[in-house]
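Enquirer: File name model_21.txt; file contents compact mmCIF, C-alpha atoms; full text below.
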# COMPACT_ATOMS: atom_id res chain seq x y z
CA MET A 1 11.62 -4.60 -53.34
CA GLU A 2 12.62 -4.51 -56.98
CA ILE A 3 13.58 -7.81 -58.62
CA GLN A 4 17.08 -8.15 -60.09
CA ASP A 5 18.36 -10.77 -62.45
CA LYS A 6 21.88 -11.49 -63.69
CA TYR A 7 22.63 -11.32 -67.39
CA MET A 8 25.57 -12.43 -69.51
CA ILE A 9 26.39 -9.42 -71.67
CA PHE A 10 27.69 -10.11 -75.16
CA LYS A 11 28.50 -8.10 -78.25
CA VAL A 12 27.30 -8.51 -81.79
CA ARG A 13 28.94 -5.96 -84.03
CA ASP A 14 29.25 -3.03 -81.62
CA GLU A 15 25.89 -3.52 -79.92
CA GLU A 16 25.39 -5.04 -76.48
CA TYR A 17 22.90 -7.79 -75.75
CA GLY A 18 22.08 -9.69 -72.58
CA ILE A 19 20.83 -13.18 -71.85
CA SER A 20 19.80 -14.45 -68.43
CA ILE A 21 22.57 -16.48 -66.83
CA ARG A 22 19.92 -19.02 -65.79
CA SER A 23 20.05 -20.28 -69.40
CA VAL A 24 23.84 -20.19 -69.73
CA SER A 25 25.59 -23.52 -69.30
CA SER A 26 29.12 -22.27 -70.07
CA ILE A 27 31.23 -19.78 -72.01
CA GLU A 28 33.77 -21.33 -74.36
CA LYS A 29 36.49 -19.99 -76.60
CA ALA A 30 35.26 -20.18 -80.19
CA GLU A 31 37.40 -22.87 -81.75
CA LYS A 32 37.15 -25.21 -84.71
CA MET A 33 33.60 -26.05 -85.64
CA ASN A 34 32.68 -29.05 -87.77
CA PRO A 35 30.55 -27.75 -90.64
CA ILE A 36 27.42 -29.69 -91.52
CA PRO A 37 26.20 -29.40 -95.13
CA LYS A 38 22.72 -28.16 -96.03
CA LEU A 39 21.97 -26.50 -92.70
CA PRO A 40 20.76 -22.89 -92.63
CA ASP A 41 23.39 -20.16 -93.16
CA PHE A 42 23.25 -19.11 -89.50
CA VAL A 43 24.49 -22.55 -88.38
CA ARG A 44 28.29 -22.56 -88.48
CA GLY A 45 28.53 -26.25 -87.58
CA VAL A 46 28.68 -28.36 -84.45
CA VAL A 47 31.19 -28.63 -81.62
CA LYS A 48 31.57 -31.08 -78.79
CA VAL A 49 31.27 -29.47 -75.35
CA ARG A 50 31.54 -31.76 -72.33
CA ASP A 51 30.50 -34.77 -74.40
CA GLU A 52 27.46 -32.97 -75.87
CA LEU A 53 27.08 -32.20 -79.57
CA VAL A 54 26.24 -28.51 -79.72
CA PRO A 55 25.07 -26.72 -82.87
CA VAL A 56 26.78 -23.34 -83.27
CA ILE A 57 24.44 -20.48 -84.13
CA ASP A 58 26.15 -17.39 -85.57
CA ILE A 59 24.09 -14.77 -83.77
CA GLU A 60 25.37 -12.04 -86.10
CA ALA A 61 23.86 -13.97 -89.01
CA VAL A 62 20.54 -14.19 -87.13
CA PHE A 63 20.43 -10.52 -86.11
CA TYR A 64 22.15 -8.84 -89.08
CA GLN A 65 22.30 -11.45 -91.90
CA THR A 66 26.13 -11.28 -92.04
CA GLN A 67 28.63 -13.82 -90.72
CA LEU A 68 30.80 -13.04 -87.73
CA GLU A 69 34.49 -12.84 -88.53
CA LEU A 70 36.26 -15.05 -86.02
CA ALA A 71 38.79 -13.28 -83.79
CA ASP A 72 40.49 -14.18 -80.50
CA SER A 73 37.73 -12.36 -78.60
CA ALA A 74 34.96 -14.51 -80.16
CA ARG A 75 33.12 -16.69 -77.66
CA LEU A 76 30.57 -19.46 -77.68
CA ILE A 77 27.80 -18.98 -75.14
CA VAL A 78 26.45 -22.48 -74.53
CA LEU A 79 22.77 -22.36 -73.62
CA GLN A 80 20.55 -25.07 -72.30
CA THR A 81 17.10 -24.73 -73.83
CA PRO A 82 14.14 -27.11 -73.47
CA ALA A 83 14.93 -28.60 -76.90
CA LEU A 84 18.74 -28.88 -76.85
CA PHE A 85 22.09 -27.38 -75.93
CA VAL A 86 23.03 -24.68 -78.42
CA GLY A 87 26.05 -22.43 -78.76
CA LEU A 88 25.68 -18.77 -79.67
CA LEU A 89 28.73 -17.51 -81.52
CA VAL A 90 29.30 -13.89 -80.46
CA LYS A 91 31.94 -11.20 -80.98
CA GLU A 92 32.78 -11.19 -77.26
CA ALA A 93 31.20 -12.13 -73.94
CA ASN A 94 32.87 -11.03 -70.76
CA ASP A 95 30.40 -9.18 -68.52
CA ILE A 96 27.84 -10.39 -66.04
CA LEU A 97 25.55 -7.61 -64.84
CA GLU A 98 22.67 -7.42 -62.43
CA ILE A 99 19.74 -5.66 -64.06
CA ARG A 100 16.78 -4.44 -62.03
CA ASP A 101 13.30 -4.77 -63.49
CA GLY A 102 12.99 -0.96 -63.27
CA ALA A 103 15.88 -0.56 -65.73
CA LYS A 104 14.12 -2.69 -68.35
CA LYS A 105 11.96 -0.84 -70.86
CA GLN A 106 9.63 -2.27 -73.44
CA VAL A 107 10.08 -0.76 -76.87
CA GLY A 108 7.72 -0.80 -79.82
CA LEU A 109 9.90 -3.12 -81.91
CA ILE A 110 9.74 -5.85 -79.25
CA GLY A 111 6.32 -6.81 -80.61
CA TYR A 112 7.59 -7.10 -84.18
CA GLU A 113 7.06 -10.71 -85.23
CA ARG A 114 10.57 -11.25 -86.63
CA THR A 115 12.27 -10.05 -83.42
CA LYS A 116 9.90 -11.37 -80.77
CA TYR A 117 12.93 -12.84 -78.93
CA PHE A 118 13.95 -9.34 -77.80
CA SER A 119 12.21 -9.06 -74.43
CA SER A 120 13.22 -5.50 -73.46
CA VAL A 121 16.02 -2.94 -73.48
CA ALA A 122 17.92 -2.08 -70.30
CA ASN A 123 19.31 1.41 -69.81
CA LEU A 124 22.32 1.18 -67.46
CA ASP A 125 24.43 4.30 -67.00
CA GLY A 126 24.12 5.24 -70.64
CA ARG A 127 24.55 1.67 -71.93
CA LEU A 128 21.62 0.32 -73.88
CA ILE A 129 21.51 -3.47 -73.62
CA THR A 130 18.91 -5.41 -75.60
CA LEU A 131 17.72 -8.41 -73.59
CA VAL A 132 17.14 -11.68 -75.43
CA ASP A 133 14.82 -14.53 -74.44
CA PRO A 134 16.86 -17.62 -75.42
CA ASP A 135 13.91 -20.02 -75.60
CA ILE A 136 11.98 -17.77 -78.00
CA LEU A 137 15.17 -17.08 -79.99
CA ILE A 138 15.96 -20.76 -80.55
CA ALA A 139 12.32 -21.71 -81.24
CA SER A 140 12.05 -18.93 -83.84
CA LEU A 141 15.02 -20.10 -85.93
CA GLU A 142 14.08 -21.44 -89.32
CA GLY A 143 15.08 -25.09 -89.64
CA ILE A 144 15.60 -25.65 -85.89
CA LYS A 145 13.49 -28.83 -86.00
CA ASP A 146 15.88 -30.30 -88.57
CA ILE A 147 18.86 -29.36 -86.39
CA ILE A 148 17.26 -30.99 -83.33
CA ALA A 149 16.57 -34.14 -85.39
CA TYR A 150 20.21 -34.21 -86.59
CA ILE A 151 21.62 -33.80 -83.05
CA ASN A 152 19.26 -36.47 -81.67
CA GLY A 153 20.23 -38.82 -84.51
CA GLU A 154 23.93 -38.31 -83.77
CA ARG A 155 23.29 -38.96 -80.05
CA THR A 156 21.48 -42.18 -80.92
CA LYS A 157 24.39 -43.30 -83.13
CA ARG A 158 26.91 -42.56 -80.37
CA THR A 159 24.84 -44.42 -77.80
CA ALA A 160 24.49 -47.42 -80.12
CA LEU A 161 28.27 -47.43 -80.67
CA GLY A 162 28.89 -47.14 -76.95
CA SER A 163 31.02 -43.97 -77.13
Could you render the structure as structure tokens?
Expert:
Amino acid sequence: MEIQDKYMIFKVRDEEYGISIRSVSSIEKAEKMNPIPKLPDFVRGVVKVRDELVPVIDIEAVFYQTQLELADSARLIVLQTPALFVGLLVKEANDILEIRDGAKKQVGLIGYERTKYFSSVANLDGRLITLVDPDILIASLEGIKDIIAYINGERTKRTALGS
């Protein structure tokens, strides 16, 4: 029997991407983010989600080197990775699809060092959906260690203050 997995489908520009729902903690409306100076351009700031400080990664900036223009359809996909909770700012996220292993195809660019977080491309009824490995994506971001240190420092301050 062929294995199926569920994926949260999101848009960046007009392209569709998928991320396993096993990594998704929640989907939030993209609202005011608190900017943090001197972080990489792809970090739009931090937000508080269920008492967690969550850095917001503009996925359009990561994939295409341009910032996402915020609209009502913009969403924050909150992921739980081994290192931290992180929010992916996307154009829209409103589909959950089951994708069979047989629908996933490896493509030559998957092995390209700068896009190693693309695990495969799914072909579903004419829709091409690029699947993203969230752990590899987050680990590959330049400056992520500094972001983790900042978030952990803020957590320590909040704990010390008893909030």
Enquirer: Could you check which of A:Ala93, A:Val78, A:Val56, A:Ile129 is closest to A:Ser23, using only C-alpha atoms?
Expert: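 Smallest separation from A:Ser23 among the options: A:Val78.
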Enquirer: Point out the residue among A:Val54, A:Ile96, A:Val12, A:Ile147 with the least atom-to-atom distance to A:Thr66, counting all atoms listed in the file.
Expert: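 Of A:Val54, A:Ile96, A:Val12, A:Ile147, the one nearest A:Thr66, counting all atoms listed in the file, is A:Val12.
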Enquirer: Expressed in Å to a single decimal, how great is the separation between atom CA of A:Asn123 and atom CA of A:Glu16?
Expert: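 Interatomic distance here is 11.1 Å.
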Enquirer: So that I can check the surroundings of A:Asp14, please list as a list in words every protein, DNA and RNA residue that reaches within 10 Å of it, counting only C-alpha atoms and ignoring chain neighbours fewer than 4 positions away.
Expert: Phe10, Lys91 and Glu92 of chain A
Enquirer: Using only C-alpha atoms, can you tell me which of A:Asp133, A:Glu52, A:Glu98, A:Asp146 comes closest to A:Thr115?
Expert: A:Asp133
Enquirer: When distances are computed from all atoms listed in the file, which of A:Val49, A:Val43, A:Ile9, A:Leu68 shows the smallest separation from A:Gln80?
Expert: A:Val49
Enquirer: Pick the closest to A:Ser73 from A:Lys145, A:Lys38, A:Lys29, A:Lys6: which is it, counting all atoms listed in the file?
Expert: A:Lys29
Enquirer: Any idea what's packed within 6 Å of A:Ala122, counting all atoms listed in the file, ignoring anything in its chain fewer than 4 positions away? Could you give it as a list of chain:residue names?
Expert: A:Ala103, A:Lys104, A:Leu128, A:Ile129
Enquirer: Given the choices A:Asp5, A:Ala149, A:Ala61, A:Ala71, which gets closest to A:Gly18 if the distance is worked out from all atoms listed in the file?
Expert: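 Among A:Asp5, A:Ala149, A:Ala61, A:Ala71, it is A:Asp5 that comes nearest to A:Gly18.
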Enquirer: Could you jot down the atom CA of A:Phe85 to atom CA of A:Leu53 separation for me, Å, one decimal place?
Expert: 7.8 Å
Enquirer: So how far away is atom CA of A:Glu60 from atom CA of A:Pro37, in Å?
Expert: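 Interatomic distance, atom CA of A:Pro37 to atom CA of A:Glu60: 19.6 Å.
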Enquirer: Got a sec: who's within 10 Å of A:Ile138, counting only C-alpha atoms, leaving out chain neighbours fewer than 2 positions off, as a list in words?
Expert: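 Once the adjacent positions are removed, what remains is Ile57, Leu79, Thr81, Pro82, Ala83, Leu84, Val86, Leu88, Tyr117, Asp133, Pro134, Asp135, Ile136, Ser140, Leu141, Glu142 and Ile144 of chain A.
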Enquirer: Save stretch 50-143 of chain A to a file: C-alpha atoms, as a PDB file, in the first residue's frame.
Expert:
ATOM      1  CA  ARG A  50       0.398  31.324  22.666  1.00  0.00           C
ATOM      2  CA  ASP A  51       3.008  32.820  24.987  1.00  0.00           C
ATOM      3  CA  GLU A  52       5.918  31.834  22.695  1.00  0.00           C
ATOM      4  CA  LEU A  53       8.175  34.372  20.995  1.00  0.00           C
ATOM      5  CA  VAL A  54       8.193  33.367  17.343  1.00  0.00           C
ATOM      6  CA  PRO A  55      10.579  34.828  14.749  1.00  0.00           C
ATOM      7  CA  VAL A  56       8.771  35.605  11.489  1.00  0.00           C
ATOM      8  CA  ILE A  57      10.552  34.401   8.369  1.00  0.00           C
ATOM      9  CA  ASP A  58       9.403  36.040   5.130  1.00  0.00           C
ATOM     10  CA  ILE A  59       9.487  32.961   2.925  1.00  0.00           C
ATOM     11  CA  GLU A  60       9.262  35.097  -0.226  1.00  0.00           C
ATOM     12  CA  ALA A  61      12.514  36.779   0.818  1.00  0.00           C
ATOM     13  CA  VAL A  62      14.122  33.348   1.307  1.00  0.00           C
ATOM     14  CA  PHE A  63      12.894  31.878  -1.995  1.00  0.00           C
ATOM     15  CA  TYR A  64      12.893  34.958  -4.261  1.00  0.00           C
ATOM     16  CA  GLN A  65      14.902  37.678  -2.440  1.00  0.00           C
ATOM     17  CA  THR A  66      11.900  40.069  -2.405  1.00  0.00           C
ATOM     18  CA  GLN A  67       9.666  40.962   0.532  1.00  0.00           C
ATOM     19  CA  LEU A  68       6.066  39.803   0.661  1.00  0.00           C
ATOM     20  CA  GLU A  69       3.553  42.618   0.490  1.00  0.00           C
ATOM     21  CA  LEU A  70       1.144  42.088   3.363  1.00  0.00           C
ATOM     22  CA  ALA A  71      -2.496  41.577   2.370  1.00  0.00           C
ATOM     23  CA  ASP A  72      -5.547  40.182   4.171  1.00  0.00           C
ATOM     24  CA  SER A  73      -4.805  36.737   2.727  1.00  0.00           C
ATOM     25  CA  ALA A  74      -1.274  36.644   4.242  1.00  0.00           C
ATOM     26  CA  ARG A  75      -0.807  33.946   6.860  1.00  0.00           C
ATOM     27  CA  LEU A  76       1.781  32.883   9.383  1.00  0.00           C
ATOM     28  CA  ILE A  77       2.442  29.149   9.384  1.00  0.00           C
ATOM     29  CA  VAL A  78       3.863  28.440  12.839  1.00  0.00           C
ATOM     30  CA  LEU A  79       6.249  25.501  12.728  1.00  0.00           C
ATOM     31  CA  GLN A  80       7.803  23.574  15.546  1.00  0.00           C
ATOM     32  CA  THR A  81      11.358  22.636  14.619  1.00  0.00           C
ATOM     33  CA  PRO A  82      13.975  20.972  16.834  1.00  0.00           C
ATOM     34  CA  ALA A  83      15.604  24.368  17.456  1.00  0.00           C
ATOM     35  CA  LEU A  84      12.604  26.672  17.973  1.00  0.00           C
ATOM     36  CA  PHE A  85       9.109  27.722  16.953  1.00  0.00           C
ATOM     37  CA  VAL A  86       9.246  29.781  13.782  1.00  0.00           C
ATOM     38  CA  GLY A  87       6.593  31.495  11.698  1.00  0.00           C
ATOM     39  CA  LEU A  88       6.675  31.373   7.915  1.00  0.00           C
ATOM     40  CA  LEU A  89       5.054  34.453   6.423  1.00  0.00           C
ATOM     41  CA  VAL A  90       3.271  33.366   3.220  1.00  0.00           C
ATOM     42  CA  LYS A  91       0.939  34.922   0.657  1.00  0.00           C
ATOM     43  CA  GLU A  92      -1.855  32.516   1.629  1.00  0.00           C
ATOM     44  CA  ALA A  93      -2.318  29.126   3.275  1.00  0.00           C
ATOM     45  CA  ASN A  94      -5.680  27.464   3.115  1.00  0.00           C
ATOM     46  CA  ASP A  95      -5.368  23.925   1.748  1.00  0.00           C
ATOM     47  CA  ILE A  96      -4.502  20.642   3.386  1.00  0.00           C
ATOM     48  CA  LEU A  97      -3.914  17.871   0.858  1.00  0.00           C
ATOM     49  CA  GLU A  98      -3.038  14.219   1.111  1.00  0.00           C
ATOM     50  CA  ILE A  99      -0.125  13.439  -1.179  1.00  0.00           C
ATOM     51  CA  ARG A 100       0.825   9.866  -2.025  1.00  0.00           C
ATOM     52  CA  ASP A 101       4.495   8.964  -2.288  1.00  0.00           C
ATOM     53  CA  GLY A 102       3.858   7.974  -5.926  1.00  0.00           C
ATOM     54  CA  ALA A 103       2.883  11.569  -6.763  1.00  0.00           C
ATOM     55  CA  LYS A 104       6.209  12.909  -5.472  1.00  0.00           C
ATOM     56  CA  LYS A 105       8.996  13.260  -8.014  1.00  0.00           C
ATOM     57  CA  GLN A 106      12.606  14.116  -7.429  1.00  0.00           C
ATOM     58  CA  VAL A 107      13.912  16.813  -9.725  1.00  0.00           C
ATOM     59  CA  GLY A 108      17.483  17.705 -10.570  1.00  0.00           C
ATOM     60  CA  LEU A 109      17.400  21.029  -8.719  1.00  0.00           C
ATOM     61  CA  ILE A 110      16.556  19.311  -5.421  1.00  0.00           C
ATOM     62  CA  GLY A 111      20.245  18.467  -5.050  1.00  0.00           C
ATOM     63  CA  TYR A 112      21.330  22.071  -5.590  1.00  0.00           C
ATOM     64  CA  GLU A 113      23.075  23.169  -2.397  1.00  0.00           C
ATOM     65  CA  ARG A 114      21.186  26.467  -2.018  1.00  0.00           C
ATOM     66  CA  THR A 115      17.756  24.787  -2.268  1.00  0.00           C
ATOM     67  CA  LYS A 116      18.392  21.512  -0.467  1.00  0.00           C
ATOM     68  CA  TYR A 117      15.225  22.136   1.604  1.00  0.00           C
ATOM     69  CA  PHE A 118      13.064  21.292  -1.438  1.00  0.00           C
ATOM     70  CA  SER A 119      12.473  17.568  -0.962  1.00  0.00           C
ATOM     71  CA  SER A 120      10.400  16.826  -4.090  1.00  0.00           C
ATOM     72  CA  VAL A 121       7.678  18.102  -6.398  1.00  0.00           C
ATOM     73  CA  ALA A 122       4.177  16.626  -6.314  1.00  0.00           C
ATOM     74  CA  ASN A 123       2.091  16.498  -9.479  1.00  0.00           C
ATOM     75  CA  LEU A 124      -1.601  16.515  -8.488  1.00  0.00           C
ATOM     76  CA  ASP A 125      -4.162  16.905 -11.257  1.00  0.00           C
ATOM     77  CA  GLY A 126      -2.015  19.410 -13.102  1.00  0.00           C
ATOM     78  CA  ARG A 127      -0.923  21.265  -9.950  1.00  0.00           C
ATOM     79  CA  LEU A 128       2.799  21.255  -9.314  1.00  0.00           C
ATOM     80  CA  ILE A 129       3.493  21.601  -5.596  1.00  0.00           C
ATOM     81  CA  THR A 130       7.078  21.906  -4.377  1.00  0.00           C
ATOM     82  CA  LEU A 131       7.473  20.123  -1.041  1.00  0.00           C
ATOM     83  CA  VAL A 132       9.642  21.746   1.615  1.00  0.00           C
ATOM     84  CA  ASP A 133      11.490  20.053   4.479  1.00  0.00           C
ATOM     85  CA  PRO A 134      11.042  22.554   7.337  1.00  0.00           C
ATOM     86  CA  ASP A 135      13.971  21.321   9.432  1.00  0.00           C
ATOM     87  CA  ILE A 136      16.428  21.653   6.541  1.00  0.00           C
ATOM     88  CA  LEU A 137      14.892  25.014   5.564  1.00  0.00           C
ATOM     89  CA  ILE A 138      15.314  26.535   9.026  1.00  0.00           C
ATOM     90  CA  ALA A 139      18.789  25.042   9.553  1.00  0.00           C
ATOM     91  CA  SER A 140      19.941  26.456   6.196  1.00  0.00           C
ATOM     92  CA  LEU A 141      19.002  30.067   6.975  1.00  0.00           C
ATOM     93  CA  GLU A 142      21.959  32.370   7.363  1.00  0.00           C
ATOM     94  CA  GLY A 143      22.072  33.823  10.865  1.00  0.00           C
TER      95      GLY A 143
END
